[in-house]
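Visitor: Below you will find the structure I want to go over with you.
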Amino acid sequence: MFKVLVSDPISDLGIQQLVDAEDVAVDKKPGLSEDELVSIIGEYDALLVRSQTRVTPRIMEAGKQLKVVGRAGVGVDNIDLEAATQRGIIVINAPDGNTITTCEHTFAMMMAVARHIPQAYLKTVNGVWDRKSFLGVELRNKTLGVLGMGRIGSEVAKRAKAFGMDIMGYDPFMTEERAEKLGVKLASVDEIIRHADFMTVHTPLTPETRHMIGKKQFEVMKPGMRIVNCARGGIIDELALVEAIDAGIVAGAAFDVFEVEPPQEDHPFLTHPKIIVTPHLGASTVEAQENVAIDVSEQVLHILRNEPFSNAVNMPPIPANLQSKLQPYYALGEKLGSLVAQITEGAVQEITVRYSGELAEVDTQPLTRYIVKGVLSHHLGSDQVNVVNSMHLAKVRDLNIVQQKSQTSKDFTNLVTVSLRTKQEERIVAGTLLTGYGERVVQIDKFPVDVTPEGNLILISHNDKPGIIGRVGTLLGNNDVNIATMQVGRQLVGGSAIMVLTVDKNAGKDILEQLTSLSDLNTAKEITLF
């Protein structure tokens, strides 16, 4: 008989399948302190929590029989993942449970901003019968731009088609084939802001997506745009949005999220007549709260019964002998994945990982997971991707993962080579561990380099002409960007070449644009590795 402890308030319907299982006994004891949990957790096989219980290393150490911790929701920041992994305890969450409810809230906000519903309600209940001030627009025959075509964005697109809307979709991993299946026109962010009538964002908040819609985007945006954000605060520059509305560029906006929550009392969104706000209600429905509990309960049953399961968010145990060989390469692999993702243009279709040398003799699947995590985290956010779900996330995005092995490795004991293929291009990076020196990137595309993969980097492609290094250094110096190291790679004198700079701080888009304006300099990309 398996014993399951529920230590946070979770609906009875959500855990009913656990209660009904003949081989499971469920105890509901919400509100326990850490000491109280430590004193009783030793007799339980599974622990179910929401956000109140903090599952600490002490609790897991005391859980001698603990096999799984289930989080009835998405975030797992209240669970110590490292401690769980070390003890072989699987941590699972319920990432799909709030998909429909967030999608529907997006549509509620879209309808509200199209028809001025909150503003009209407020006047009406205050005794003012005013039909003339609230002339709205229909959704039919309008173009909706969806930024982020994951689970929620795809569901929004499906419903928008039922309203007779034309859909433009942007997603760094969306292929034309998948877009065609969804009935969506694949588009860039720039195309959406120039042509869409409505825009909704459904991307995670990452350094790449922070303020992805800002002052520059508003300057070229189609006049009359209406914007909805039920994803994450910070994706849209809030102050720039207010300026765009006041300038007549944006007709209205509806936000369920803020950069800082709760917002300050003087936040301009709270008093602006053309902005609708709600207090982060995207997942706040009875059904969503029940669904996440149902989803996590089902996976707990599978784990307890030693059946296939999904939605694990930590690394399952790896044999000690294999772990000792692979662990030194985990950080390098993730950085290689992140690096190649940051320099690649277009929707990724295939990730190829080639292991050369001694690594070819062992099971490298755990290391591949770290590499894929590095690729996906750049676009989806590190809080959404981990080494367990990375392969699953790649699969649902139709990414082909190829592993190749060769026992010969020129010049290196071990070499890890990662390539990304899109319709536009294929980019390649390779790295190794050098005794006494640590992680090294030794190849970028066809060029040999020797770069430590950490901090702020600038990758420049240029023509191998005298003086270009000096011009780059002068430009960065004039912009107060200090160069820590510089690596130059070339194959032929006077031919194409690359330059990899380690700089002391983030350069920013303006400086990159200045770099690309230099003669004989082709591209400049900023790379951030931690």
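To be explicit about the labels: the chains of the structure tokens are called A, B, and onward in the order shown, and within each one the residues are counted from 1, while ligands get numbers from 1 in the order they are shown.
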As a ChimeraX atom specification, please: all residues of stretch 244-461 of chain A that backbone DSSP puts in alpha helix (DSSP H).
Guide: /A:244-246,286-304,320-343,365-380,390-396
Visitor: Quick one: everything within 8 Å of A:Gln217, counting only C-alpha atoms, minus sequence neighbours fewer than 4 positions away in the same chain. Send it as a ChimeraX atom specification.
Guide: /A:190,193,213,221
Visitor: Can you pull out every residue within 9 Å of A:Ser356, counting only C-alpha atoms, but drop anything in the same chain fewer than 3 positions away, and send it as a VMD selection string?
Guide: chain A and resid 359 to 360 404 to 410 412 to 417
Visitor: For the residues in the current selection, export C-alpha atoms as a PDB file, in the first residue's frame.
Guide:
ATOM      1  CA  LEU A 359      32.578  10.164 -25.009  1.00  0.00           C
ATOM      2  CA  ALA A 360      31.559   8.060 -28.002  1.00  0.00           C
ATOM      3  CA  GLN A 404      26.298  10.912 -33.920  1.00  0.00           C
ATOM      4  CA  LYS A 405      29.420   9.302 -32.494  1.00  0.00           C
ATOM      5  CA  SER A 406      33.007   8.862 -33.582  1.00  0.00           C
ATOM      6  CA  GLN A 407      35.775   7.359 -31.490  1.00  0.00           C
ATOM      7  CA  THR A 408      38.385   9.492 -33.243  1.00  0.00           C
ATOM      8  CA  SER A 409      38.751  13.130 -32.256  1.00  0.00           C
ATOM      9  CA  LYS A 410      41.382  15.226 -33.966  1.00  0.00           C
ATOM     10  CA  PHE A 412      41.181  16.563 -28.472  1.00  0.00           C
ATOM     11  CA  THR A 413      40.515  13.673 -26.105  1.00  0.00           C
ATOM     12  CA  ASN A 414      36.808  14.509 -26.309  1.00  0.00           C
ATOM     13  CA  LEU A 415      34.940  16.886 -28.574  1.00  0.00           C
ATOM     14  CA  VAL A 416      31.252  17.878 -28.446  1.00  0.00           C
ATOM     15  CA  THR A 417      29.917  19.425 -31.659  1.00  0.00           C
TER      16      THR A 417
END
Visitor: Mind the document's chain letters and residue numbers, and return as a list in words the residues of stretch 100-146 of chain A that DSSP labels strand (DSSP E or B).
Guide: Thr143, Leu144, Gly145 and Val146 of chain A
Visitor: Would you save the residues of that selection, restricted to all heavy atoms, as a PDB file, in the first residue's frame?
Guide:
ATOM      1  N   THR A 143      -6.874  41.029 -38.471  1.00  0.00           N
ATOM      2  CA  THR A 143      -5.668  40.196 -38.388  1.00  0.00           C
ATOM      3  C   THR A 143      -5.159  40.175 -36.954  1.00  0.00           C
ATOM      4  O   THR A 143      -4.939  41.235 -36.350  1.00  0.00           O
ATOM      5  CB  THR A 143      -4.567  40.726 -39.316  1.00  0.00           C
ATOM      6  OG1 THR A 143      -5.016  40.648 -40.673  1.00  0.00           O
ATOM      7  CG2 THR A 143      -3.292  39.899 -39.171  1.00  0.00           C
ATOM      8  N   LEU A 144      -5.004  38.975 -36.421  1.00  0.00           N
ATOM      9  CA  LEU A 144      -4.475  38.791 -35.070  1.00  0.00           C
ATOM     10  C   LEU A 144      -3.039  38.296 -35.163  1.00  0.00           C
ATOM     11  O   LEU A 144      -2.765  37.278 -35.808  1.00  0.00           O
ATOM     12  CB  LEU A 144      -5.315  37.771 -34.293  1.00  0.00           C
ATOM     13  CG  LEU A 144      -4.761  37.341 -32.932  1.00  0.00           C
ATOM     14  CD1 LEU A 144      -4.727  38.519 -31.962  1.00  0.00           C
ATOM     15  CD2 LEU A 144      -5.575  36.187 -32.353  1.00  0.00           C
ATOM     16  N   GLY A 145      -2.124  39.000 -34.522  1.00  0.00           N
ATOM     17  CA  GLY A 145      -0.736  38.546 -34.423  1.00  0.00           C
ATOM     18  C   GLY A 145      -0.519  37.860 -33.091  1.00  0.00           C
ATOM     19  O   GLY A 145      -0.796  38.430 -32.033  1.00  0.00           O
ATOM     20  N   VAL A 146      -0.059  36.610 -33.129  1.00  0.00           N
ATOM     21  CA  VAL A 146       0.186  35.833 -31.913  1.00  0.00           C
ATOM     22  C   VAL A 146       1.697  35.671 -31.748  1.00  0.00           C
ATOM     23  O   VAL A 146       2.346  34.999 -32.558  1.00  0.00           O
ATOM     24  CB  VAL A 146      -0.499  34.454 -31.978  1.00  0.00           C
ATOM     25  CG1 VAL A 146      -0.274  33.701 -30.671  1.00  0.00           C
ATOM     26  CG2 VAL A 146      -1.987  34.600 -32.256  1.00  0.00           C
TER      27      VAL A 146
END
Visitor: Identify, on the basis of only C-alpha atoms, every residue whose closest approach to A:Ala157 does not exceed 8 Å; exclude the query and any residue fewer than 3 positions from it along the same chain; express the result as a ChimeraX atom specification.
Guide: /A:146,153-154,160-161,167,182,184
Visitor: In terms of the shortest atom-to-atom distance over only C-alpha atoms, which of A:Tyr329, A:Asp464, A:Glu259, A:Val472 is closest to A:Glu439?
Guide: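 Using only C-alpha atoms, the shortest distance to A:Glu439 belongs to A:Tyr329.
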Visitor: Determine, using only C-alpha atoms, which residues of stretch 293-409 of chain A have any atom at most 9 Å from an atom of stretch 71-93 of chain A, and tabulate each with its shortest atom pair and distance in Å to one decimal place, rows ordered by chain and then rising number, as a tab-separated table.
Guide:
residue	atom	partner	partner_atom	distance
A:Ala293	CA	A:Ala72	CA	4.9
A:Ile294	CA	A:Ala72	CA	8.2
A:Asp295	CA	A:Ala72	CA	7.8
A:Val296	CA	A:Ala72	CA	5.9
A:Ser297	CA	A:Ala72	CA	8.3
A:Gln299	CA	A:Ile92	CA	7.7
A:Val300	CA	A:Ile92	CA	8.1
A:Ile303	CA	A:Ile90	CA	8.5
A:Ser310	CA	A:Ile92	CA	7.7
A:Asn311	CA	A:Ile92	CA	5.4
A:Ala312	CA	A:Ile92	CA	4.2
A:Val313	CA	A:Ile92	CA	5.6
A:Asn314	CA	A:Val91	CA	6.0
A:Met315	CA	A:Thr85	CA	5.9
A:Pro316	CA	A:Gly88	CA	6.3
A:Pro317	CA	A:Gly88	CA	5.4
A:Asp383	CA	A:Gly75	CA	8.1
A:Gln384	CA	A:Gly75	CA	8.7
Visitor: Go ahead and save the residues from that selection, with N, CA, C and O atoms, as an mmCIF file, in the first residue's frame.
Guide:
data_model
loop_
_atom_site.group_PDB
_atom_site.id
_atom_site.type_symbol
_atom_site.label_atom_id
_atom_site.label_comp_id
_atom_site.auth_asym_id
_atom_site.auth_seq_id
_atom_site.Cartn_x
_atom_site.Cartn_y
_atom_site.Cartn_z
ATOM 1 N N ALA A 293 -4.478 19.601 -10.386
ATOM 2 C CA ALA A 293 -4.461 18.562 -9.353
ATOM 3 C C ALA A 293 -4.708 17.185 -9.971
ATOM 4 O O ALA A 293 -4.072 16.192 -9.590
ATOM 5 N N ILE A 294 -5.629 17.120 -10.926
ATOM 6 C CA ILE A 294 -5.903 15.844 -11.613
ATOM 7 C C ILE A 294 -4.669 15.377 -12.369
ATOM 8 O O ILE A 294 -4.278 14.208 -12.306
ATOM 9 N N ASP A 295 -4.031 16.306 -13.100
ATOM 10 C CA ASP A 295 -2.857 15.942 -13.897
ATOM 11 C C ASP A 295 -1.724 15.410 -13.024
ATOM 12 O O ASP A 295 -1.109 14.390 -13.325
ATOM 13 N N VAL A 296 -1.446 16.117 -11.931
ATOM 14 C CA VAL A 296 -0.319 15.700 -11.104
ATOM 15 C C VAL A 296 -0.649 14.410 -10.343
ATOM 16 O O VAL A 296 0.220 13.556 -10.134
ATOM 17 N N SER A 297 -1.912 14.228 -9.962
ATOM 18 C CA SER A 297 -2.311 12.990 -9.281
ATOM 19 C C SER A 297 -2.124 11.782 -10.203
ATOM 20 O O SER A 297 -1.677 10.708 -9.770
ATOM 21 N N GLN A 299 0.035 11.457 -12.657
ATOM 22 C CA GLN A 299 1.460 11.145 -12.822
ATOM 23 C C GLN A 299 2.047 10.528 -11.554
ATOM 24 O O GLN A 299 2.915 9.656 -11.630
ATOM 25 N N VAL A 300 1.563 10.954 -10.390
ATOM 26 C CA VAL A 300 2.016 10.336 -9.137
ATOM 27 C C VAL A 300 1.659 8.850 -9.121
ATOM 28 O O VAL A 300 2.472 7.997 -8.735
ATOM 29 N N ILE A 303 4.078 6.934 -11.311
ATOM 30 C CA ILE A 303 5.403 6.776 -10.704
ATOM 31 C C ILE A 303 5.371 5.726 -9.604
ATOM 32 O O ILE A 303 6.256 4.858 -9.521
ATOM 33 N N SER A 310 5.156 11.455 -17.206
ATOM 34 C CA SER A 310 5.625 12.675 -17.878
ATOM 35 C C SER A 310 5.667 13.824 -16.888
ATOM 36 O O SER A 310 5.282 13.684 -15.726
ATOM 37 N N ASN A 311 6.143 14.978 -17.367
ATOM 38 C CA ASN A 311 6.151 16.234 -16.610
ATOM 39 C C ASN A 311 7.096 16.232 -15.419
ATOM 40 O O ASN A 311 6.890 16.978 -14.456
ATOM 41 N N ALA A 312 8.148 15.402 -15.471
ATOM 42 C CA ALA A 312 9.180 15.481 -14.438
ATOM 43 C C ALA A 312 10.027 16.724 -14.678
ATOM 44 O O ALA A 312 10.294 17.100 -15.819
ATOM 45 N N VAL A 313 10.435 17.392 -13.618
ATOM 46 C CA VAL A 313 11.205 18.628 -13.755
ATOM 47 C C VAL A 313 12.596 18.543 -13.129
ATOM 48 O O VAL A 313 13.268 19.555 -12.982
ATOM 49 N N ASN A 314 13.030 17.351 -12.765
ATOM 50 C CA ASN A 314 14.400 17.200 -12.293
ATOM 51 C C ASN A 314 15.016 15.966 -12.948
ATOM 52 O O ASN A 314 14.345 15.186 -13.608
ATOM 53 N N MET A 315 16.296 15.811 -12.768
ATOM 54 C CA MET A 315 17.030 14.739 -13.438
ATOM 55 C C MET A 315 16.885 13.440 -12.679
ATOM 56 O O MET A 315 17.177 13.387 -11.482
ATOM 57 N N PRO A 316 16.441 12.376 -13.327
ATOM 58 C CA PRO A 316 16.371 11.088 -12.649
ATOM 59 C C PRO A 316 17.775 10.562 -12.365
ATOM 60 O O PRO A 316 18.742 11.004 -12.980
ATOM 61 N N PRO A 317 17.908 9.626 -11.426
ATOM 62 C CA PRO A 317 19.232 9.114 -11.072
ATOM 63 C C PRO A 317 19.953 8.494 -12.271
ATOM 64 O O PRO A 317 19.350 7.860 -13.129
ATOM 65 N N ASP A 383 13.271 28.855 -16.810
ATOM 66 C CA ASP A 383 12.302 28.361 -15.838
ATOM 67 C C ASP A 383 11.291 27.406 -16.470
ATOM 68 O O ASP A 383 10.539 26.736 -15.762
ATOM 69 N N GLN A 384 11.251 27.343 -17.797
ATOM 70 C CA GLN A 384 10.313 26.461 -18.485
ATOM 71 C C GLN A 384 10.955 25.162 -18.954
ATOM 72 O O GLN A 384 10.268 24.197 -19.273
#
